[in-house]
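upload20.txt (compact mmCIF, C-alpha atoms)
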# COMPACT_ATOMS: atom_id res chain seq x y z
CA MET Y 1 0.00 0.00 0.00
CA ILE Y 2 2.73 2.43 0.94
CA VAL Y 3 4.51 1.68 -2.31
CA VAL Y 4 1.43 2.46 -4.36
CA LEU Y 5 0.67 5.66 -2.46
CA ALA Y 6 4.29 6.80 -2.70
CA ALA Y 7 4.37 6.01 -6.40
CA ILE Y 8 1.18 7.94 -7.13
CA THR Y 9 2.18 11.02 -5.15
CA GLY Y 10 5.72 10.83 -6.55
CA ALA Y 11 4.46 10.74 -10.12
CA SER Y 12 2.06 13.58 -9.34
CA GLY Y 13 4.90 15.70 -7.96
CA LEU Y 14 7.05 15.05 -11.02
CA LEU Y 15 4.26 15.97 -13.41
CA LEU Y 16 3.44 19.18 -11.54
CA ALA Y 17 7.10 20.23 -11.31
CA GLY Y 18 7.47 19.61 -15.03
CA VAL Y 19 4.42 21.61 -16.04
CA ASN Y 20 5.41 24.39 -13.65
CA GLN Y 21 8.87 24.65 -15.23
CA GLY Y 22 7.52 24.36 -18.73
CA THR Y 23 4.97 27.12 -18.37
CA LYS Y 24 7.09 29.49 -16.23
CA ASP Y 25 8.18 31.88 -18.98
CA GLN Y 26 4.82 31.98 -20.67
CA ARG Y 27 3.06 32.69 -17.37
CA LYS Y 28 5.47 35.51 -16.63
CA LYS Y 29 4.70 37.01 -20.04
CA GLN Y 30 0.95 36.81 -19.50
CA LEU Y 31 1.27 38.38 -16.06
CA LEU Y 32 3.26 41.19 -17.59
CA GLU Y 33 0.73 41.77 -20.32
CA TYR Y 34 -2.50 41.55 -18.39
CA VAL Y 35 -1.62 42.57 -14.88
CA LYS Y 36 1.60 44.59 -14.70
CA GLY Y 37 1.14 46.27 -18.06
CA PRO Y 38 -2.07 48.15 -17.26
CA ALA Y 39 -0.73 49.12 -13.81
CA LEU Y 40 2.53 50.41 -15.35
CA THR Y 41 0.77 52.36 -18.06
CA GLU Y 42 -1.37 54.11 -15.50
CA VAL Y 43 1.53 54.93 -13.16
CA LEU Y 44 3.82 56.17 -15.94
CA MET Y 45 1.15 57.99 -17.93
CA GLY Y 46 2.71 60.80 -19.92
CA SER Y 47 5.87 59.00 -20.91
CA GLU Y 48 6.95 59.12 -24.53
CA ASN Y 49 8.06 55.51 -24.65
CA GLN Y 50 6.52 52.13 -23.89
CA PRO Y 51 7.97 51.26 -20.46
CA LEU Y 52 7.24 47.58 -21.00
CA ASP Y 53 9.44 47.50 -24.09
CA ASP Y 54 12.35 49.33 -22.47
CA VAL Y 55 12.51 47.17 -19.36
CA LYS Y 56 15.97 46.49 -17.94
CA GLU Y 57 16.79 43.70 -15.56
CA LEU Y 58 18.89 44.76 -12.62
CA GLU Y 59 20.74 42.26 -10.43
CA VAL Y 60 20.71 43.62 -6.93
CA LYS Y 61 20.89 42.59 -3.33
CA VAL Y 62 17.58 43.54 -1.82
CA ALA Y 63 17.90 44.16 1.95
CA GLU Y 64 15.18 41.95 3.39
CA GLY Y 65 11.61 40.89 2.79
CA GLY Y 66 10.07 41.66 -0.59
CA ALA Y 67 12.03 40.00 -3.35
CA ASP Y 68 14.69 37.43 -2.42
CA ALA Y 69 18.13 38.78 -1.61
CA GLY Y 70 20.44 38.86 -4.61
CA SER Y 71 17.66 38.64 -7.15
CA VAL Y 72 16.72 40.37 -10.37
CA VAL Y 73 14.42 43.39 -10.38
CA ASP Y 74 12.79 44.64 -13.57
CA ILE Y 75 13.27 48.39 -13.98
CA PHE Y 76 10.74 50.08 -16.26
CA PRO Y 77 12.00 53.47 -17.49
CA ALA Y 78 9.91 56.39 -18.72
CA TYR Y 79 11.40 59.13 -20.88
CA LYS Y 80 10.23 62.65 -21.69
CA ASN Y 81 11.96 64.80 -24.33
CA GLY Y 82 14.59 62.08 -24.70
CA GLU Y 83 15.58 62.37 -21.03
CA LEU Y 84 14.93 59.95 -18.19
CA TRP Y 85 11.84 61.15 -16.38
CA ALA Y 86 10.74 58.28 -14.12
CA VAL Y 87 11.40 54.68 -13.25
CA ALA Y 88 8.99 52.06 -12.00
CA PHE Y 89 9.50 48.66 -10.45
CA GLU Y 90 7.52 46.17 -8.48
CA MET Y 91 7.87 45.51 -4.77
CA VAL Y 92 5.97 43.06 -2.61
CA GLY Y 93 4.32 43.69 0.77
CA LYS Y 94 2.61 41.34 3.19
CA GLY Y 95 -1.16 41.86 3.17
CA TYR Y 96 -4.01 40.18 4.98
CA GLY Y 97 -4.52 37.23 2.64
CA GLY Y 98 -1.05 36.99 1.18
CA GLU Y 99 1.43 39.01 -0.81
CA ILE Y 100 0.50 42.29 -2.42
CA GLY Y 101 2.39 43.28 -5.57
CA VAL Y 102 2.82 47.05 -5.91
CA ILE Y 103 4.27 48.88 -8.92
CA VAL Y 104 5.99 52.00 -7.59
CA GLY Y 105 6.67 54.87 -9.99
CA ILE Y 106 9.39 57.32 -8.98
CA ASP Y 107 9.92 60.74 -10.55
CA VAL Y 108 13.74 60.86 -10.76
CA THR Y 109 13.88 64.59 -11.42
CA GLU Y 110 11.68 65.62 -8.50
CA GLU Y 111 12.81 62.66 -6.34
CA GLU Y 112 9.29 61.91 -5.25
CA LEU Y 113 6.69 59.18 -5.66
CA LEU Y 114 4.82 59.49 -8.94
CA GLY Y 115 2.12 56.95 -8.16
CA ILE Y 116 1.45 53.33 -7.38
CA GLY Y 117 -0.46 50.50 -9.02
CA ILE Y 118 -1.56 47.24 -7.46
CA THR Y 119 -0.75 44.15 -9.50
CA THR Y 120 -1.52 40.94 -7.62
CA HIS Y 121 -3.20 40.49 -4.28
CA LYS Y 122 -5.30 38.03 -2.29
CA GLU Y 123 -7.19 40.52 -0.18
CA THR Y 124 -10.87 40.30 0.77
CA PRO Y 125 -13.23 41.56 -1.95
CA GLY Y 126 -15.04 44.70 -0.79
CA LEU Y 127 -12.55 45.37 2.00
CA GLY Y 128 -8.83 44.81 1.45
CA ALA Y 129 -9.34 44.64 -2.31
CA ARG Y 130 -10.24 48.32 -2.19
CA ILE Y 131 -6.51 49.10 -2.14
CA ARG Y 132 -6.92 48.99 -5.92
CA GLU Y 133 -9.12 52.08 -5.84
CA LYS Y 134 -7.79 55.38 -7.08
CA GLY Y 135 -8.84 57.15 -3.89
CA PHE Y 136 -6.47 55.08 -1.76
CA ARG Y 137 -3.60 54.98 -4.23
CA SER Y 138 -3.58 58.72 -4.86
CA GLY Y 139 -2.75 59.17 -1.17
CA PHE Y 140 0.78 58.01 -2.00
CA GLN Y 141 1.49 60.59 -4.69
CA GLY Y 142 4.17 63.11 -3.90
CA LEU Y 143 5.66 61.21 -0.95
CA ALA Y 144 9.33 62.05 -0.43
CA LEU Y 145 11.76 59.23 -1.12
CA SER Y 146 13.83 60.05 1.95
CA GLY Y 147 11.13 58.85 4.34
CA ALA Y 148 8.87 55.81 4.51
CA ALA Y 149 5.24 55.28 3.69
CA LYS Y 150 2.99 54.80 6.71
CA VAL Y 151 -0.74 54.89 7.39
CA LYS Y 152 -2.07 57.67 9.58
CA ALA Y 153 -2.59 55.22 12.44
CA ASP Y 154 1.18 54.58 12.45
CA GLY Y 155 2.03 58.28 12.35
CA GLY Y 156 2.27 58.62 8.61
CA GLU Y 157 0.40 60.52 5.92
CA VAL Y 158 -1.46 57.78 4.09
CA ASP Y 159 -5.20 57.34 4.60
CA ALA Y 160 -5.83 53.63 5.09
CA VAL Y 161 -8.87 51.92 3.55
CA SER Y 162 -11.47 51.83 6.34
CA GLY Y 163 -11.79 48.32 7.71
CA ALA Y 164 -8.67 47.21 5.86
CA THR Y 165 -5.75 48.47 7.92
CA ILE Y 166 -3.64 45.36 7.41
CA SER Y 167 -4.00 45.49 3.64
CA SER Y 168 -3.19 49.21 3.67
CA ARG Y 169 -0.13 48.56 5.83
CA GLY Y 170 0.97 45.86 3.37
CA VAL Y 171 0.93 48.39 0.55
CA CYS Y 172 2.87 50.87 2.73
CA GLU Y 173 5.42 48.16 3.43
CA ALA Y 174 5.92 47.57 -0.28
CA VAL Y 175 6.25 51.30 -0.96
CA SER Y 176 8.73 51.79 1.90
CA GLN Y 177 10.79 48.92 0.53
CA ALA Y 178 10.68 50.60 -2.86
CA PHE Y 179 12.09 53.78 -1.29
CA ASP Y 180 14.88 51.80 0.45
CA PHE Y 181 15.64 49.93 -2.76
CA TYR Y 182 15.83 53.15 -4.76
CA ARG Y 183 18.00 54.97 -2.22
CA GLU Y 184 20.43 52.05 -1.89
CA ASN Y 185 20.77 51.35 -5.60
CA LYS Y 186 20.19 54.76 -7.12
CA GLU Y 187 23.36 54.90 -9.21
CA LYS Y 188 22.91 51.43 -10.56
CA ILE Y 189 19.26 52.03 -11.44
CA LEU Y 190 19.86 55.36 -13.15
CA ALA Y 191 22.90 54.04 -15.00
CA SER Y 192 21.05 51.05 -16.39
CA VAL Y 193 18.28 53.11 -17.97
CA ALA Y 194 19.97 56.48 -18.57
CA GLU Y 195 20.00 56.16 -22.33
CA GLN Y 196 16.74 55.64 -24.16
CA GLY Y 197 16.98 52.45 -26.20
CA SER Y 198 20.25 51.34 -24.56
CA MET S 1 -16.52 -3.48 -27.69
CA GLU S 2 -17.00 -0.88 -30.42
CA GLY S 3 -20.73 -0.64 -29.74
CA SER S 4 -20.31 -0.18 -26.03
CA LEU S 5 -17.56 2.43 -26.53
CA VAL S 6 -19.91 4.62 -28.53
CA GLN S 7 -22.66 3.82 -26.03
CA GLU S 8 -20.58 4.97 -23.07
CA PHE S 9 -19.75 8.15 -24.95
CA LYS S 10 -23.30 8.94 -25.99
CA LYS S 11 -24.88 8.47 -22.60
CA GLY S 12 -23.06 11.56 -21.34
CA LEU S 13 -24.79 13.60 -24.00
CA TRP S 14 -28.36 12.84 -23.00
CA GLU S 15 -29.30 10.07 -20.55
CA GLU S 16 -26.68 11.02 -18.00
CA ILE S 17 -25.95 14.61 -18.97
CA PRO S 18 -24.77 16.70 -16.07
CA PRO S 19 -26.12 18.71 -14.44
CA PHE S 20 -29.63 18.11 -15.73
CA ARG S 21 -29.99 14.33 -15.49
CA LEU S 22 -26.87 13.52 -13.49
CA VAL S 23 -27.64 16.25 -10.96
CA LEU S 24 -24.06 16.80 -9.81
CA GLY S 25 -21.58 19.65 -9.91
CA LEU S 26 -24.18 22.37 -9.44
CA CYS S 27 -21.94 24.82 -7.55
CA PRO S 28 -19.73 25.92 -10.46
CA VAL S 29 -22.67 25.60 -12.87
CA LEU S 30 -24.52 28.47 -11.25
CA ALA S 31 -21.45 30.66 -10.82
CA VAL S 32 -19.72 30.35 -14.18
CA THR S 33 -22.79 30.55 -16.43
CA LYS S 34 -23.15 34.32 -16.15
CA ALA S 35 -21.79 34.40 -19.69
CA ALA S 36 -21.41 31.88 -22.49
CA ASP S 37 -17.61 32.07 -22.78
CA THR S 38 -16.90 31.35 -19.12
CA GLY S 39 -19.36 28.45 -19.25
CA LEU S 40 -17.56 27.03 -22.28
CA GLY S 41 -14.14 27.57 -20.69
CA MET S 42 -15.10 25.82 -17.47
CA GLY S 43 -16.65 22.95 -19.43
CA ILE S 44 -13.48 22.38 -21.41
CA ALA S 45 -11.28 22.56 -18.30
CA ALA S 46 -13.51 20.11 -16.42
CA THR S 47 -13.63 17.74 -19.42
CA PHE S 48 -9.83 17.68 -19.63
CA VAL S 49 -9.55 16.82 -15.94
CA LEU S 50 -12.37 14.27 -16.16
CA VAL S 51 -10.92 12.38 -19.13
CA PHE S 52 -7.37 12.21 -17.80
CA SER S 53 -8.35 11.33 -14.25
CA ASN S 54 -10.70 8.62 -15.56
CA VAL S 55 -7.88 7.17 -17.65
CA ILE S 56 -5.34 7.16 -14.82
CA VAL S 57 -7.81 5.82 -12.26
CA SER S 58 -8.80 3.07 -14.67
CA LEU S 59 -5.17 2.19 -15.40
CA LEU S 60 -4.48 1.90 -11.67
CA ARG S 61 -7.78 0.31 -10.69
CA ASN S 62 -6.25 -3.07 -9.83
CA VAL S 63 -3.29 -1.52 -8.07
CA ILE S 64 -4.91 1.02 -5.76
CA PRO S 65 -5.81 -0.58 -2.41
CA ASN S 66 -9.51 -0.33 -1.73
CA LYS S 67 -9.19 1.35 1.65
CA VAL S 68 -7.31 4.37 0.31
CA ARG S 69 -8.97 4.63 -3.08
CA ILE S 70 -10.76 7.94 -2.46
CA ALA S 71 -7.53 9.56 -1.28
CA CYS S 72 -5.72 8.31 -4.38
CA TYR S 73 -8.49 9.52 -6.70
CA ILE S 74 -8.32 12.96 -5.15
CA VAL S 75 -4.54 13.15 -5.60
CA VAL S 76 -4.91 12.22 -9.26
CA ILE S 77 -7.76 14.69 -9.83
CA ALA S 78 -6.00 17.51 -7.97
CA THR S 79 -2.83 16.96 -10.01
CA PHE S 80 -4.68 17.41 -13.28
CA VAL S 81 -6.58 20.42 -11.96
CA VAL S 82 -3.30 22.15 -11.07
CA VAL S 83 -1.91 21.29 -14.50
CA THR S 84 -5.02 22.86 -16.03
CA GLU S 85 -4.67 25.93 -13.85
CA LEU S 86 -1.00 26.45 -14.79
CA VAL S 87 -1.76 26.02 -18.50
CA MET S 88 -4.65 28.49 -18.27
CA GLN S 89 -2.44 31.01 -16.49
CA ALA S 90 0.09 30.60 -19.27
CA TYR S 91 -2.15 30.72 -22.31
CA THR S 92 -5.62 32.03 -21.47
CA TYR S 93 -5.06 34.59 -18.71
CA PRO S 94 -8.36 36.55 -19.12
CA LEU S 95 -10.35 33.32 -18.84
CA TYR S 96 -8.24 32.29 -15.82
CA GLU S 97 -9.11 35.61 -14.15
CA ALA S 98 -12.80 35.31 -15.04
CA LEU S 99 -13.14 31.79 -13.62
CA GLY S 100 -11.03 32.70 -10.58
CA ILE S 101 -11.58 30.44 -7.61
CA PHE S 102 -13.76 27.99 -9.55
CA ILE S 103 -10.76 26.45 -11.29
CA PRO S 104 -9.26 24.92 -8.14
CA LEU S 105 -12.81 24.00 -7.12
CA ILE S 106 -12.92 21.57 -10.04
CA VAL S 107 -11.08 19.20 -7.68
CA VAL S 108 -14.21 18.82 -5.59
CA ASN S 109 -16.60 18.80 -8.52
CA CYS S 110 -18.76 15.80 -7.71
CA ILE S 111 -18.97 14.78 -11.35
CA ILE S 112 -15.27 13.97 -11.51
CA LEU S 113 -14.94 12.13 -8.21
CA GLY S 114 -18.31 10.49 -8.91
CA ARG S 115 -17.24 9.07 -12.27
CA ALA S 116 -13.90 7.91 -10.85
CA GLU S 117 -15.66 5.99 -8.10
CA ALA S 118 -18.68 4.76 -10.05
CA PHE S 119 -17.09 3.96 -13.39
CA ALA S 120 -13.36 4.37 -13.91
CA GLY S 121 -12.54 2.36 -10.81
CA LYS S 122 -14.28 -0.67 -12.25
CA ASN S 123 -13.93 -0.44 -16.01
CA PRO S 124 -11.18 -0.76 -18.64
CA VAL S 125 -9.29 2.29 -19.89
CA LEU S 126 -10.94 2.89 -23.26
CA LEU S 127 -14.45 2.66 -21.82
CA SER S 128 -13.48 5.00 -18.99
CA ALA S 129 -12.02 7.48 -21.46
CA ALA S 130 -15.20 7.37 -23.55
CA ASP S 131 -17.31 7.82 -20.42
CA GLY S 132 -15.22 10.82 -19.36
CA LEU S 133 -15.33 12.36 -22.81
CA GLY S 134 -19.10 11.92 -23.17
CA ILE S 135 -19.99 13.24 -19.75
CA GLY S 136 -17.47 16.06 -20.07
CA LEU S 137 -18.88 17.07 -23.45
CA GLY S 138 -22.42 16.94 -22.07
CA PHE S 139 -21.33 19.11 -19.16
CA THR S 140 -19.71 21.59 -21.56
CA LEU S 141 -22.84 21.73 -23.72
CA SER S 142 -25.05 22.29 -20.66
CA LEU S 143 -22.80 25.03 -19.29
CA THR S 144 -22.57 26.79 -22.65
CA LEU S 145 -26.33 26.58 -23.18
CA LEU S 146 -27.15 27.87 -19.71
CA GLY S 147 -24.49 30.55 -20.00
CA SER S 148 -25.78 31.66 -23.39
CA LEU S 149 -29.36 31.91 -22.16
CA ARG S 150 -28.38 33.93 -19.11
CA GLU S 151 -26.09 36.17 -21.12
CA VAL S 152 -28.56 36.83 -23.96
CA PHE S 153 -31.46 37.71 -21.68
CA GLY S 154 -29.44 39.16 -18.84
CA GLU S 155 -27.09 41.39 -20.86
CA GLY S 156 -28.17 41.24 -24.46
CA THR S 157 -24.87 39.79 -25.66
CA LEU S 158 -23.63 36.36 -26.71
CA PHE S 159 -19.90 35.64 -26.33
CA GLY S 160 -19.47 39.38 -25.89
CA GLN S 161 -21.21 40.32 -29.13
CA ALA S 162 -24.46 42.28 -28.91
CA VAL S 163 -27.26 40.16 -30.34
CA MET S 164 -30.42 41.84 -29.13
CA GLY S 165 -31.51 45.13 -30.67
CA SER S 166 -30.61 48.47 -29.11
CA SER S 167 -34.11 48.79 -27.67
CA PHE S 168 -33.59 45.64 -25.63
CA GLU S 169 -33.86 46.15 -21.88
CA PRO S 170 -31.54 43.61 -20.16
CA PHE S 171 -33.28 41.35 -17.65
CA ALA S 172 -30.62 41.70 -14.94
CA PHE S 173 -32.28 39.01 -12.82
CA MET S 174 -30.85 36.39 -15.18
CA VAL S 175 -27.22 37.13 -14.40
CA GLN S 176 -27.70 36.95 -10.64
CA ALA S 177 -27.92 33.90 -8.40
CA PRO S 178 -31.74 33.60 -8.25
CA GLY S 179 -31.94 33.85 -12.02
CA ALA S 180 -29.42 31.04 -12.30
CA PHE S 181 -31.56 28.73 -10.19
CA VAL S 182 -34.70 29.62 -12.13
CA CYS S 183 -33.01 29.10 -15.48
CA LEU S 184 -31.56 25.78 -14.38
CA GLY S 185 -34.95 24.62 -13.10
CA ILE S 186 -36.76 25.59 -16.29
CA LEU S 187 -34.21 23.79 -18.48
CA LEU S 188 -34.37 20.72 -16.26
CA GLY S 189 -38.17 20.73 -16.50
CA LEU S 190 -38.06 21.07 -20.29
CA MET S 191 -35.63 18.17 -20.55
CA ASN S 192 -37.91 16.02 -18.40
CA ILE S 193 -40.85 16.81 -20.70
CA VAL S 194 -38.80 15.90 -23.77
CA GLU S 195 -37.70 12.65 -22.15
CA ALA S 196 -41.27 11.78 -21.16
CA VAL S 197 -42.49 12.39 -24.72
CA ARG S 198 -39.59 10.38 -26.15
CA THR S 199 -40.26 7.29 -24.07
CA ARG S 200 -44.06 7.36 -24.33
Written form, structure tokens:
Amino acid sequence: MIVVLAAITGASGLLLAGVNQGTKDQRKKQLLEYVKGPALTEVLMGSENQPLDDVKELEVKVAEGGADAGSVVDIFPAYKNGELWAVAFEMVGKGYGGEIGVIVGIDVTEEELLGIGITTHKETPGLGARIREKGFRSGFQGLALSGAAKVKADGGEVDAVSGATISSRGVCEAVSQAFDFYRENKEKILASVAEQGS
Amino acid sequence: MEGSLVQEFKKGLWEEIPPFRLVLGLCPVLAVTKAADTGLGMGIAATFVLVFSNVIVSLLRNVIPNKVRIACYIVVIATFVVVTELVMQAYTYPLYEALGIFIPLIVVNCIILGRAEAFAGKNPVLLSAADGLGIGLGFTLSLTLLGSLREVFGEGTLFGQAVMGSSFEPFAFMVQAPGAFVCLGILLGLMNIVEAVRTR
């Protein structure tokens, strides 16, 4: 009996691992097109280029949480008048139901937050899921990169979604990580996307 | 053998069509038939899982110990559901988003576990495959029909294309939960009438 059970579950694991590997790239592409793409376009509205097409992969050591240390972060650049205007990248925060993916757009000339977009989340519909709404997200615009993003309950400036403090805090966590990431790797980031079409 | 293969296949299309005659798997039926395309998508996904799980269960029917058979069936079914989910994420993302939580729920769709226990566990592979294919196809047809009806009367479109005139006032009741029950009941009643006339 044990042999049969082990064989069945073993075969199942092999099949799943295989399909997972085989579909990895395609799934990443679809996520980019249907989920990150619309969020990026909204955050970087006004750019002359297509940020998705000009994406650069940056190998960095991310401090803690969010992406794994020593991993690759996609930097999406936006240009105006041929010059670098803004960069956007995705950071992950811990929400109520799981991870929240947040695209953070940073105005490199003004050194402030341009805007945020929510990509993936597992928050409660009608409550935590309201972090997607424009009303909540616009509360992040103009935040200085030198500080951190916090909800008003934690002494910050961001209005949390009522009844969804944990989800709101998760978004703040992602945005704060984005600030840290940008401050720590500023030269690298700017160098990688300085030239349009490089 | 040939005759019974076709027979097993055909019974899923009328005598034992889910969910009207084989009244199983109602939960996703009501939720995914708000539109025709989601109904069709769910039907195809469930058929894929049904056929493959029937085949594997049938292949292993003399090997799986009786006491743990349900657990084994569920592992097999769940494996194919996850495969389906990954493939949908990779190639049909909008449909994956539309069906949402109902894709993993295919694992507990009574039709699939029911056929594994009632048929595939006791019959040879080809017959089990035919059974799975027939019932799956019947399920797909039912879902698409129900979805089309609810979409046409509830929103005036079919597969996203407007089919009722511009003066059509959508009957919003149809795309909500009560409308789903009513629609399902009416179709079931009609099928019973047809069957009664047929066998008179």
What is the atom CA of Thr157 of chain S to atom CA of Thr144 of chain S distance in Å?
13.5 Å
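Among S:Tyr73, S:Phe119, S:Phe181, S:Phe48, the residue with the shortest atom-to-atom distance to chain Y, counting all atoms listed in the file, is S:Tyr73.
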Exercise: Ala31 of chain S partners within 9 Å, all atoms listed in the file, chain neighbours under 2 positions left out, as a list in words:
Leu26, Cys27, Pro28, Val29, Thr33, Lys34, Gly39, Leu99, Phe102, Gln176, Ala177 and Ala180 of chain S
For the interface of chain S with chain Y (cut-off 7 Å, counting all atoms listed in the file), please tabulate each contacting residue of chain S alongside its nearest pair of atoms and their separation in Å to one decimal, rows sorted by chain and increasing number, as a tab-separated table.
residue	atom	partner	partner_atom	distance
S:Ile64	CA	Y:Val4	CA	6.7
S:Pro65	CA	Y:Met1	CA	6.3
S:Thr79	CA	Y:Ser12	CA	6.0
S:Val83	CA	Y:Leu16	CA	6.5
S:Leu86	CA	Y:Asn20	CA	6.8
S:Val87	CA	Y:Thr23	CA	6.8
S:Gln89	CA	Y:Arg27	CA	5.8
S:Ala90	CA	Y:Arg27	CA	4.1
S:Tyr93	CA	Y:Gln30	CA	6.5
Which residues are near Met45 of chain Y? Cut-off 12 Å, all atoms listed in the file, ignore same chain within fewer than 2 positions. Put them as a PDB file with C-alpha atoms, in the coordinates of the input.
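Everything below was put into around_17.pdb:
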ATOM      1  CA  GLY Y  37       1.140  46.270 -18.060  1.00  0.00           C
ATOM      2  CA  PRO Y  38      -2.070  48.150 -17.260  1.00  0.00           C
ATOM      3  CA  ALA Y  39      -0.730  49.120 -13.810  1.00  0.00           C
ATOM      4  CA  LEU Y  40       2.530  50.410 -15.350  1.00  0.00           C
ATOM      5  CA  THR Y  41       0.770  52.360 -18.060  1.00  0.00           C
ATOM      6  CA  GLU Y  42      -1.370  54.110 -15.500  1.00  0.00           C
ATOM      7  CA  VAL Y  43       1.530  54.930 -13.160  1.00  0.00           C
ATOM      8  CA  SER Y  47       5.870  59.000 -20.910  1.00  0.00           C
ATOM      9  CA  GLU Y  48       6.950  59.120 -24.530  1.00  0.00           C
ATOM     10  CA  ASN Y  49       8.060  55.510 -24.650  1.00  0.00           C
ATOM     11  CA  GLN Y  50       6.520  52.130 -23.890  1.00  0.00           C
ATOM     12  CA  PRO Y  51       7.970  51.260 -20.460  1.00  0.00           C
ATOM     13  CA  PRO Y  77      12.000  53.470 -17.490  1.00  0.00           C
ATOM     14  CA  ALA Y  78       9.910  56.390 -18.720  1.00  0.00           C
ATOM     15  CA  TYR Y  79      11.400  59.130 -20.880  1.00  0.00           C
ATOM     16  CA  LYS Y  80      10.230  62.650 -21.690  1.00  0.00           C
ATOM     17  CA  TRP Y  85      11.840  61.150 -16.380  1.00  0.00           C
ATOM     18  CA  ALA Y  86      10.740  58.280 -14.120  1.00  0.00           C
ATOM     19  CA  VAL Y  87      11.400  54.680 -13.250  1.00  0.00           C
ATOM     20  CA  ALA Y  88       8.990  52.060 -12.000  1.00  0.00           C
ATOM     21  CA  GLY Y 105       6.670  54.870  -9.990  1.00  0.00           C
ATOM     22  CA  ASP Y 107       9.920  60.740 -10.550  1.00  0.00           C
ATOM     23  CA  LEU Y 114       4.820  59.490  -8.940  1.00  0.00           C
ATOM     24  CA  GLY Y 115       2.120  56.950  -8.160  1.00  0.00           C
ATOM     25  CA  ILE Y 116       1.450  53.330  -7.380  1.00  0.00           C
ATOM     26  CA  GLY Y 117      -0.460  50.500  -9.020  1.00  0.00           C
TER      27      GLY Y 117
END
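For the point (-30.8, 36.8, -16.2), the residues with at least one atom inside 8 Å, counting all atoms listed in the file, are Leu149, Arg150, Glu151, Phe153, Gly154, Glu155, Pro170, Phe171, Ala172, Phe173, Met174, Val175, Gln176, Gly179 and Ala180 of chain S.
Shell of Glu117 of chain S at 9 Å, with all atoms listed in the file counted and residues fewer than 5 places along the chain excluded, is S:Val57, S:Arg69, S:Ile70, S:Tyr73, S:Ile112, S:Lys122.
Taking atom CA of Val158 of chain Y and atom CA of Glu99 of chain Y as the two end points, the separation is 19.6 Å.
For Ser58 of chain S, the list of residues within 10 Å, based on only C-alpha atoms and with local chain neighbours fewer than 6 positions off taken out, reads S:Phe52, S:Ile64, S:Ala116, S:Glu117, S:Phe119, S:Ala120, S:Gly121, S:Lys122, S:Asn123, S:Pro124, S:Val125, S:Leu126, S:Leu127, S:Ser128, S:Ala129.
As for atom CA of Val76 of chain S and atom CA of Val3 of chain Y, they are spaced 15.8 Å apart.
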Write out as a ChimeraX atom specification the residues lying within 8 Å of segment 184-191 of chain S, counting all atoms listed in the file and excluding same-chain residues fewer than 6 positions away.
/S:20-21,146
My list of candidates is S:Arg61, S:Val81, S:Leu30, S:Ser148. Which is closest to Ala118 of chain S when distances are computed with all atoms listed in the file?
S:Arg61
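Closest approach to Gly142 of chain Y among Y:Glu57, Y:Ile106, Y:Asn185, Y:Phe89 is made by Y:Ile106 (distances from only C-alpha atoms).
The smallest atom-to-atom distance between Ile131 of chain Y and any of Y:Ala149, Y:Val92, Y:Ile75, Y:Val171, using only C-alpha atoms, is found for Y:Val171.
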Point (-3.1, 38.9, -6.3), cut-off 10 Å, counting all atoms listed in the file, residues as a PyMOL selection string:
chain Y and resi 35+97-101+118-123+129
